[in-house]
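These notes are about the structure you will find just below.
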Amino acid sequence: MLRELHIRDFALIDKVDLEFGPGLNLLTGETGAGKSIIIDAMGLVLGDRVTASELVRAGAKRCSVEAHFTCTAGCPAGQYLADRELVHEDNENDLVVSRELTISGKSQARINGRIVTSSSLKELGELIVDVHGQTDHQSLLRPSLHLELLDSWLGEDLTSLRTDTQKEFSQASSLARELHNLQLAARERVRNLDLYRFQLEEITAANPKPGEEEDLLQERNRLANIGRLLAAADTAYSAIQNGALDALNSALGALERVEQADASLQDAVTPLRDALAYAEDFRDRIRGYRENLEDDPARQEEIEERIGVLRSLARKYGDTVEDILVYAEGLARQLEQIEHQDQREEQLGADLAESTKRLESLCGKLTARRKAGCAKFAAAVRAELADLGMQATKFEVALEAIPPAANGADKAEFVISPNPGEPLRPLAKVASGGETSRIMLALKSVLSKSAHIPTLIFDEVDVGVGGRTGAVIGAKLQAISNTAQVLCITHLPQVASRHADAHFQIEKRVVAGRTTVAVNRLDATARVLEIARMLGSDSSPTVLQHAREMLLGM
């Protein structure tokens, strides 16, 4: 609900700060006092398109409007704020929206202190405030919402059926998309079938192994240098066999012959024996290496061919053998999908047919319940219109069949004929003014228990009526205020005398040669004077007594 409204340098307003109650809030004043300026200010802060030159107070550089709301559990704005990370930092139940407009036409909008676009402000505004009167901020005039309103009025049974329909529609849509994508890709996949098979066969036939190319490169390098390797091995073997071993044997023999004479020689004999053993082992290793060295031109050619095969695969299918093998796995999967595509298409088609059948059945049930409820809903609205002095008005809900969708196979639109002999027309095309406002009031009276917009503003809802009809309008506004916050600009004492949480008087004043609009919150005594003024005189004892009686009677 709207708690506070702060207006600065807006049209004829210099500064106004208002605190509203949770139920019925009344705004009254002389004709031309500027009552609608408050509605215009709400329009600005709710994202309406505006003209700076018309709204910024003369002599000021900018105007601003700031509105403070309370969003309790279930408030329709809550999810909107959460989805966009705009929840109030200090209190998640607080919502502060503001908009500033400069004389040059620049506009800055904020939600809970964060800068947003005016379109975001408008989206949010449509969730929390409904203005009925001389602006276009009227949810009931949007045909796209009529089905939602009808279903909400029809109750929880229909809500459950709608939920089932939405789930089935989602299922059918998912199956249809998968089938469509499969069929769309089918021709391309079939064209690639031979290519995929050739590529997989080429990789499979080559049978590349991780690390294989590195091993081949090493072997190729060894064969390319076979002559140098043989020469080096021969030289090393000859040096050990014909030189080093003889020298070590000679040295060891000399020491062994005298080691009994000096025990300390053992420290030299032992490592010499080890060195001789190492030299003999090295000689044997070199001999084995030399025996395995063989010049093999055929093997060299085979290696070159294998390296060429591996590098050809790498150019086509991946930089490494691991990449090539991953690509081959993907080819195998695609070939399997292509080979089993007909079966998958057949299964998807069958599943889609079953889902579509269930969806059509659910849509049929929705349509039947809506048709049964339309007559009751229309009768309830007509009864409200009759109470409001529009007995001759015809009102119906036009249901039109559409292809099955998430909310069924129906399109609903409220149609009305305010005057006898006139055809039923869409609600949005009905003449504006008090007549439209009363239609809105009738609809709101019927929908009040199921509506979700927490703040309703009625601007001159009682234009052109009086007497008994005015009293009925007042009673209906007060009844609506039991389930939603209501702000009502009125000129009728029958409405203004209703029990209200707050009553504001709007008046024009001239201060220092300039006209300004002031808003005063009235206490009990001031309310008597205001009702008396609306009755025709705020000084006549008889009128004052009548005003008191009206206030007491409400």
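FYI, nothing fancy with the structure tokens labels: chains A, B, ... in order, residues from 1 per chain, ligands from 1 as they appear.
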
List every residue of segment 197-247 of chain A that has an atom at most 10 Å from any atom of segment 311-321 of chain A, giving for each one its closest atom pair and the distance in Å to one decimal, counting only C-alpha atoms, sorted by chain and then by ascending residue number, as a tab-separated table.
```
residue	atom	partner	partner_atom	distance
A:Gln199	CA	A:Tyr317	CA	8.9
A:Glu202	CA	A:Leu313	CA	8.5
A:Ile203	CA	A:Leu313	CA	7.3
A:Ala206	CA	A:Leu313	CA	8.6
A:Asn207	CA	A:Val321	CA	9.8
A:Pro208	CA	A:Val321	CA	6.5
A:Lys209	CA	A:Val321	CA	6.7
A:Pro210	CA	A:Val321	CA	5.6
A:Gly211	CA	A:Val321	CA	7.9
A:Glu212	CA	A:Val321	CA	8.6
A:Glu213	CA	A:Arg311	CA	8.8
```

Checklist line | Long-range neighbours of Phe395 of chain A as a VMD selection string, 8 Å cut-off, only C-alpha atoms, 3 positions minimum in chain | finding: chain A and resid 378 to 379 381 to 382 414 to 417 424

Mind writing the picked residues with N, CA and C atoms as a CSV table (one decimal), in the first residue's frame?
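Dumped everything to selection_24.csv:
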```
chain,number,residue,atom,x,y,z
A,378,ALA,N,-20.9,-11.8,-15.5
A,378,ALA,CA,-21.5,-10.7,-16.2
A,378,ALA,C,-22.8,-10.2,-15.4
A,379,ALA,N,-23.5,-11.2,-14.9
A,379,ALA,CA,-24.7,-10.8,-14.1
A,379,ALA,C,-24.3,-10.0,-12.8
A,381,VAL,N,-21.7,-8.1,-12.5
A,381,VAL,CA,-21.2,-6.8,-12.9
A,381,VAL,C,-22.5,-5.9,-13.2
A,382,ARG,N,-23.4,-6.5,-13.9
A,382,ARG,CA,-24.6,-5.7,-14.3
A,382,ARG,C,-25.4,-5.3,-13.0
A,414,PHE,N,-13.9,-8.1,-22.1
A,414,PHE,CA,-15.1,-7.5,-21.5
A,414,PHE,C,-15.7,-6.6,-22.6
A,415,VAL,N,-17.0,-6.8,-22.9
A,415,VAL,CA,-17.7,-5.9,-23.8
A,415,VAL,C,-18.9,-5.3,-23.2
A,416,ILE,N,-19.2,-4.1,-23.6
A,416,ILE,CA,-20.3,-3.3,-22.9
A,416,ILE,C,-21.0,-2.4,-23.8
A,417,SER,N,-22.3,-2.2,-23.5
A,417,SER,CA,-23.1,-1.2,-24.2
A,417,SER,C,-23.8,-0.3,-23.2
A,424,LEU,N,-22.7,-4.1,-28.4
A,424,LEU,CA,-21.7,-4.3,-27.4
A,424,LEU,C,-20.3,-4.0,-28.0
```

Notebook entry, point to check: If you count only C-alpha atoms, which residues fall within 12 Å of Thr51 of chain A, apart from same-chain ones fewer than 6 positions away, as a list in words?
Noted result: Phe10, Ala11, Asp40, Gly43, Leu44, Cys63, Leu101, Thr102, Ile103, Ser104, Gly105, Lys106 and Ser107 of chain A

Next item on the list: Check the smallest atom-to-atom distance from each of A:Gln347, A:Ser144, A:Val495, A:Glu54 to Ala176 of chain A using only C-alpha atoms, then report the winner.
Entry: A:Gln347

Check: In Å, with one decimal, what is the gap from atom CA of Leu272 of chain A to atom CA of Glu291 of chain A?
Finding: 28.7 Å

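Counting only C-alpha atoms, the residue from A:Leu141, A:Leu195, A:Ile307, A:Ala332 that sits nearest to Ile439 of chain A is A:Leu141.
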
Surrounding residues of Gly23 of chain A excluding itself and chain neighbours under 2 positions, 9 Å, only C-alpha atoms, as a short mmCIF file (atom, residue, chain, number, x, y, z; two decimals) with N, CA and C atoms, in the first residue's frame:
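Result file follows (result_17.cif):
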```
data_model
loop_
_atom_site.label_atom_id
_atom_site.label_comp_id
_atom_site.auth_asym_id
_atom_site.auth_seq_id
_atom_site.Cartn_x
_atom_site.Cartn_y
_atom_site.Cartn_z
N PHE A 20 -0.84 8.44 3.99
CA PHE A 20 -2.12 7.81 3.71
C PHE A 20 -2.40 6.65 4.68
N GLY A 21 -3.67 6.35 4.84
CA GLY A 21 -4.08 5.22 5.66
C GLY A 21 -4.22 3.97 4.82
N ASN A 25 -9.07 6.61 1.61
CA ASN A 25 -8.46 7.93 1.71
C ASN A 25 -9.20 8.86 0.75
N GLN A 478 -16.11 2.18 -0.03
CA GLN A 478 -15.74 1.78 1.31
C GLN A 478 -15.62 0.26 1.41
N ILE A 480 -14.72 -1.76 -1.03
CA ILE A 480 -13.46 -2.13 -1.69
C ILE A 480 -12.28 -1.86 -0.78
N SER A 481 -12.38 -0.80 0.02
CA SER A 481 -11.26 -0.43 0.90
C SER A 481 -11.02 -1.46 2.01
N ASN A 482 -11.95 -2.40 2.16
CA ASN A 482 -11.74 -3.47 3.14
C ASN A 482 -10.71 -4.49 2.66
N THR A 483 -10.51 -4.56 1.33
CA THR A 483 -9.56 -5.53 0.78
C THR A 483 -8.41 -4.86 0.02
N ALA A 484 -8.50 -3.55 -0.21
CA ALA A 484 -7.43 -2.83 -0.92
C ALA A 484 -7.42 -1.39 -0.43
N GLN A 485 -6.28 -0.76 -0.56
CA GLN A 485 -6.19 0.66 -0.23
C GLN A 485 -6.86 1.46 -1.34
N VAL A 486 -7.68 2.44 -0.96
CA VAL A 486 -8.41 3.25 -1.94
C VAL A 486 -8.11 4.72 -1.72
N LEU A 487 -7.71 5.41 -2.79
CA LEU A 487 -7.59 6.88 -2.80
C LEU A 487 -8.67 7.38 -3.74
N ALA A 500 -13.47 7.09 6.82
CA ALA A 500 -12.21 7.05 6.08
C ALA A 500 -11.03 7.06 7.04
N ASP A 501 -9.93 6.48 6.59
CA ASP A 501 -8.69 6.52 7.37
C ASP A 501 -8.05 7.91 7.31
N ALA A 502 -8.27 8.59 6.20
CA ALA A 502 -7.71 9.94 6.04
C ALA A 502 -8.57 10.73 5.07
#
```

Item checked: Residues near segment 215-225 of chain A, cut-off 9 Å, only C-alpha atoms, skip fewer than 4 positions along chain, as a list in words -> Gly211, Leu229, Leu230, Leu293, Glu294, Asp295, Asp296, Pro297, Arg299, Gln300, Ile303, Glu304, Arg306 and Ile307 of chain A

Can you write out the residues you just picked, keeping C-alpha atoms, as a tab-separated table (two decimals), in the first residue's frame?
```
chain	number	residue	atom	x	y	z
A	211	GLY	CA	52.72	-40.91	-27.46
A	229	LEU	CA	76.33	-44.45	-33.48
A	230	LEU	CA	78.20	-47.57	-34.75
A	293	LEU	CA	72.48	-51.41	-34.11
A	294	GLU	CA	71.48	-52.17	-37.68
A	295	ASP	CA	71.06	-50.00	-40.72
A	296	ASP	CA	67.45	-50.66	-41.90
A	297	PRO	CA	66.34	-48.46	-44.86
A	299	ARG	CA	62.24	-49.45	-41.42
A	300	GLN	CA	63.16	-45.82	-42.05
A	303	ILE	CA	58.55	-44.79	-39.95
A	304	GLU	CA	58.25	-41.87	-42.37
A	306	ARG	CA	53.56	-43.74	-40.23
A	307	ILE	CA	54.52	-40.21	-39.14
```

Next item on the list: Check segment 355-523 of chain A with DSSP on the backbone and list each residue it calls strand (DSSP E), as number ranges by chain.
Entry: A: 394-405, 408-417, 425-426, 455-459, 485-489, 502-511, 514-521

Could you write out the selected residues, including C-alpha atoms, as a CSV table (one decimal), in the first residue's frame?
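Output file selection_36.csv is given in full below:
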```csv
chain,number,residue,atom,x,y,z
A,394,LYS,CA,-25.3,-4.3,-21.0
A,395,PHE,CA,-22.2,-6.1,-20.0
A,396,GLU,CA,-20.9,-9.5,-21.3
A,397,VAL,CA,-17.7,-11.5,-21.4
A,398,ALA,CA,-16.8,-12.4,-25.0
A,399,LEU,CA,-14.9,-15.7,-25.2
A,400,GLU,CA,-13.0,-16.4,-28.4
A,401,ALA,CA,-11.4,-19.7,-29.3
A,402,ILE,CA,-7.7,-19.6,-29.9
A,403,PRO,CA,-5.1,-22.3,-30.4
A,404,PRO,CA,-4.2,-24.1,-27.2
A,405,ALA,CA,-1.8,-22.2,-25.1
A,408,GLY,CA,-6.1,-22.6,-22.3
A,409,ALA,CA,-7.7,-22.2,-25.7
A,410,ASP,CA,-9.7,-19.0,-24.9
A,411,LYS,CA,-9.3,-15.3,-25.4
A,412,ALA,CA,-11.6,-13.2,-23.1
A,413,GLU,CA,-12.6,-9.6,-23.5
A,414,PHE,CA,-15.1,-7.5,-21.5
A,415,VAL,CA,-17.7,-5.9,-23.8
A,416,ILE,CA,-20.3,-3.3,-22.9
A,417,SER,CA,-23.1,-1.2,-24.2
A,425,ARG,CA,-18.2,-2.9,-27.8
A,426,PRO,CA,-14.8,-3.6,-26.1
A,455,THR,CA,-3.7,0.4,-4.2
A,456,LEU,CA,-6.6,1.7,-6.2
A,457,ILE,CA,-7.1,5.4,-7.2
A,458,PHE,CA,-10.4,6.7,-8.3
A,459,ASP,CA,-10.4,10.2,-9.9
A,485,GLN,CA,-6.2,0.7,-0.2
A,486,VAL,CA,-8.4,3.2,-1.9
A,487,LEU,CA,-7.6,6.9,-2.8
A,488,CYS,CA,-10.7,8.7,-4.0
A,489,ILE,CA,-11.0,12.2,-5.4
A,502,ALA,CA,-7.7,9.9,6.0
A,503,HIS,CA,-9.5,12.9,4.5
A,504,PHE,CA,-7.5,15.6,2.6
A,505,GLN,CA,-8.7,19.0,1.5
A,506,ILE,CA,-7.0,20.4,-1.6
A,507,GLU,CA,-7.1,24.2,-2.1
A,508,LYS,CA,-5.4,26.9,-4.1
A,509,ARG,CA,-3.7,29.7,-2.3
A,510,VAL,CA,-2.0,32.9,-3.4
A,511,VAL,CA,1.3,33.4,-1.4
A,514,ARG,CA,2.0,33.3,-6.6
A,515,THR,CA,-0.6,30.6,-6.8
A,516,THR,CA,0.1,27.3,-5.1
A,517,VAL,CA,-1.8,24.2,-4.3
A,518,ALA,CA,-1.9,23.1,-0.7
A,519,VAL,CA,-3.2,19.8,0.8
A,520,ASN,CA,-4.5,19.7,4.4
A,521,ARG,CA,-5.3,16.6,6.4
```

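The spacing separating atom CA of Ile39 of chain A from atom CA of Gly78 of chain A amounts to 23.9 Å.
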
Notebook entry, point to check: If you run DSSP on the backbone, which residues of segment 296-473 of chain A are helix (DSSP H, G or I), as number ranges by chain?
Noted result: A: 297-317, 321-339, 341-387, 427-429, 434-447, 467-473

Dump C-alpha atoms for the selected residues as a compact mmCIF listing (two decimals), in the first residue's frame?
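Saved result, out-v2.txt, follows:
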```txt
# COMPACT_ATOMS: atom_id res chain seq x y z
CA PRO A 297 66.34 -48.46 -44.86
CA ALA A 298 63.00 -50.30 -45.04
CA ARG A 299 62.24 -49.45 -41.42
CA GLN A 300 63.16 -45.82 -42.05
CA GLU A 301 60.64 -45.67 -44.88
CA GLU A 302 58.00 -47.34 -42.73
CA ILE A 303 58.55 -44.79 -39.95
CA GLU A 304 58.25 -41.87 -42.37
CA GLU A 305 55.00 -43.24 -43.73
CA ARG A 306 53.56 -43.74 -40.23
CA ILE A 307 54.52 -40.21 -39.14
CA GLY A 308 52.85 -38.92 -42.30
CA VAL A 309 49.64 -40.80 -41.44
CA LEU A 310 49.56 -39.41 -37.90
CA ARG A 311 50.23 -35.84 -39.05
CA SER A 312 47.54 -36.12 -41.73
CA LEU A 313 45.03 -37.16 -39.04
CA ALA A 314 46.17 -34.24 -36.87
CA ARG A 315 45.57 -31.74 -39.69
CA LYS A 316 42.03 -33.04 -40.17
CA TYR A 317 40.78 -34.03 -36.75
CA VAL A 321 46.17 -38.09 -30.74
CA GLU A 322 43.92 -37.48 -27.72
CA ASP A 323 42.00 -34.84 -29.72
CA ILE A 324 41.68 -37.23 -32.66
CA LEU A 325 40.26 -39.97 -30.44
CA VAL A 326 37.72 -37.57 -28.89
CA TYR A 327 36.64 -36.51 -32.38
CA ALA A 328 36.22 -40.17 -33.32
CA GLU A 329 33.97 -40.74 -30.29
CA GLY A 330 31.82 -37.81 -31.41
CA LEU A 331 31.56 -39.26 -34.92
CA ALA A 332 30.43 -42.57 -33.47
CA ARG A 333 27.70 -40.85 -31.44
CA GLN A 334 26.45 -38.86 -34.44
CA LEU A 335 26.36 -41.97 -36.60
CA GLU A 336 24.35 -43.74 -33.91
CA GLN A 337 21.90 -40.81 -33.71
CA ILE A 338 21.47 -40.77 -37.49
CA GLU A 339 20.98 -44.51 -37.65
CA GLN A 341 16.77 -41.06 -35.97
CA ASP A 342 13.68 -42.64 -37.47
CA GLN A 343 12.92 -44.45 -34.24
CA ARG A 344 13.44 -41.27 -32.20
CA GLU A 345 11.24 -39.23 -34.53
CA GLU A 346 8.54 -41.86 -34.31
CA GLN A 347 8.71 -41.89 -30.50
CA LEU A 348 8.68 -38.08 -30.27
CA GLY A 349 5.73 -37.90 -32.64
CA ALA A 350 3.79 -40.37 -30.53
CA ASP A 351 4.66 -38.58 -27.30
CA LEU A 352 3.67 -35.21 -28.81
CA ALA A 353 0.35 -36.58 -30.03
CA GLU A 354 -0.45 -37.92 -26.55
CA SER A 355 0.59 -34.65 -24.88
CA THR A 356 -1.45 -32.60 -27.38
CA LYS A 357 -4.46 -34.79 -26.72
CA ARG A 358 -4.14 -34.24 -22.96
CA LEU A 359 -3.65 -30.50 -23.51
CA GLU A 360 -6.77 -30.25 -25.68
CA SER A 361 -8.74 -32.12 -23.03
CA LEU A 362 -7.58 -29.74 -20.30
CA CYS A 363 -8.31 -26.72 -22.52
CA GLY A 364 -11.79 -28.09 -23.16
CA LYS A 365 -12.44 -28.34 -19.43
CA LEU A 366 -11.17 -24.78 -18.92
CA THR A 367 -13.40 -23.47 -21.71
CA ALA A 368 -16.44 -25.25 -20.28
CA ARG A 369 -15.91 -23.80 -16.81
CA ARG A 370 -15.26 -20.33 -18.21
CA LYS A 371 -18.40 -20.41 -20.31
CA ALA A 372 -20.41 -21.49 -17.28
CA GLY A 373 -18.85 -18.74 -15.16
CA CYS A 374 -19.08 -15.91 -17.73
CA ALA A 375 -22.84 -15.53 -17.35
CA LYS A 376 -22.59 -15.38 -13.54
CA PHE A 377 -19.73 -12.92 -13.68
CA ALA A 378 -21.53 -10.68 -16.19
CA ALA A 379 -24.73 -10.78 -14.09
CA ALA A 380 -22.77 -9.71 -11.00
CA VAL A 381 -21.24 -6.77 -12.90
CA ARG A 382 -24.63 -5.73 -14.30
CA ALA A 383 -26.07 -5.76 -10.78
CA GLU A 384 -23.29 -3.45 -9.61
CA LEU A 385 -23.85 -1.16 -12.60
CA ALA A 386 -27.56 -0.99 -11.80
CA ASP A 387 -26.74 0.13 -8.25
CA LEU A 427 -14.49 -2.02 -22.72
CA ALA A 428 -11.46 -0.02 -23.83
CA LYS A 429 -13.57 1.79 -26.43
CA GLY A 434 -17.42 9.39 -15.03
CA GLU A 435 -19.21 6.68 -16.97
CA THR A 436 -15.97 4.76 -17.49
CA SER A 437 -15.04 5.27 -13.85
CA ARG A 438 -18.35 3.83 -12.70
CA ILE A 439 -17.85 0.81 -14.96
CA MET A 440 -14.42 0.38 -13.42
CA LEU A 441 -15.94 0.72 -9.96
CA ALA A 442 -18.53 -1.94 -10.73
CA LEU A 443 -15.86 -4.31 -12.00
CA LYS A 444 -13.64 -3.60 -9.02
CA SER A 445 -16.55 -4.26 -6.67
CA VAL A 446 -17.03 -7.69 -8.23
CA LEU A 447 -13.31 -8.42 -8.48
CA GLY A 467 -28.36 11.52 -4.51
CA ARG A 468 -28.93 7.82 -4.06
CA THR A 469 -26.38 6.78 -6.69
CA GLY A 470 -23.74 8.87 -4.97
CA ALA A 471 -24.44 7.11 -1.68
CA VAL A 472 -24.15 3.73 -3.41
CA ILE A 473 -20.80 4.76 -4.93
```

May I have the residues within 7 Å of Met1 of chain A as a short mmCIF file (atom, residue, chain, number, x, y, z; two decimals) with N, CA and C atoms, in the first residue's frame, using only C-alpha atoms and disregarding those fewer than 3 positions away in the same chain?
```cif
data_model
loop_
_atom_site.label_atom_id
_atom_site.label_comp_id
_atom_site.auth_asym_id
_atom_site.auth_seq_id
_atom_site.Cartn_x
_atom_site.Cartn_y
_atom_site.Cartn_z
N PRO A 22 -4.40 2.81 5.44
CA PRO A 22 -4.45 1.55 4.71
C PRO A 22 -5.77 1.29 3.99
N PHE A 69 5.97 2.87 -0.32
CA PHE A 69 4.98 1.80 -0.24
C PHE A 69 5.41 0.76 0.78
N THR A 70 4.44 0.00 1.26
CA THR A 70 4.71 -1.19 2.06
C THR A 70 4.29 -2.39 1.24
N CYS A 71 5.22 -3.32 1.05
CA CYS A 71 4.93 -4.55 0.29
C CYS A 71 4.88 -5.71 1.28
N PRO A 454 -2.67 -3.71 -4.90
CA PRO A 454 -3.00 -3.29 -3.53
C PRO A 454 -3.53 -1.87 -3.38
N THR A 455 -3.26 -0.97 -4.34
CA THR A 455 -3.69 0.42 -4.20
C THR A 455 -4.51 0.83 -5.41
N GLN A 485 -6.28 -0.76 -0.56
CA GLN A 485 -6.19 0.66 -0.23
C GLN A 485 -6.86 1.46 -1.34
#
```
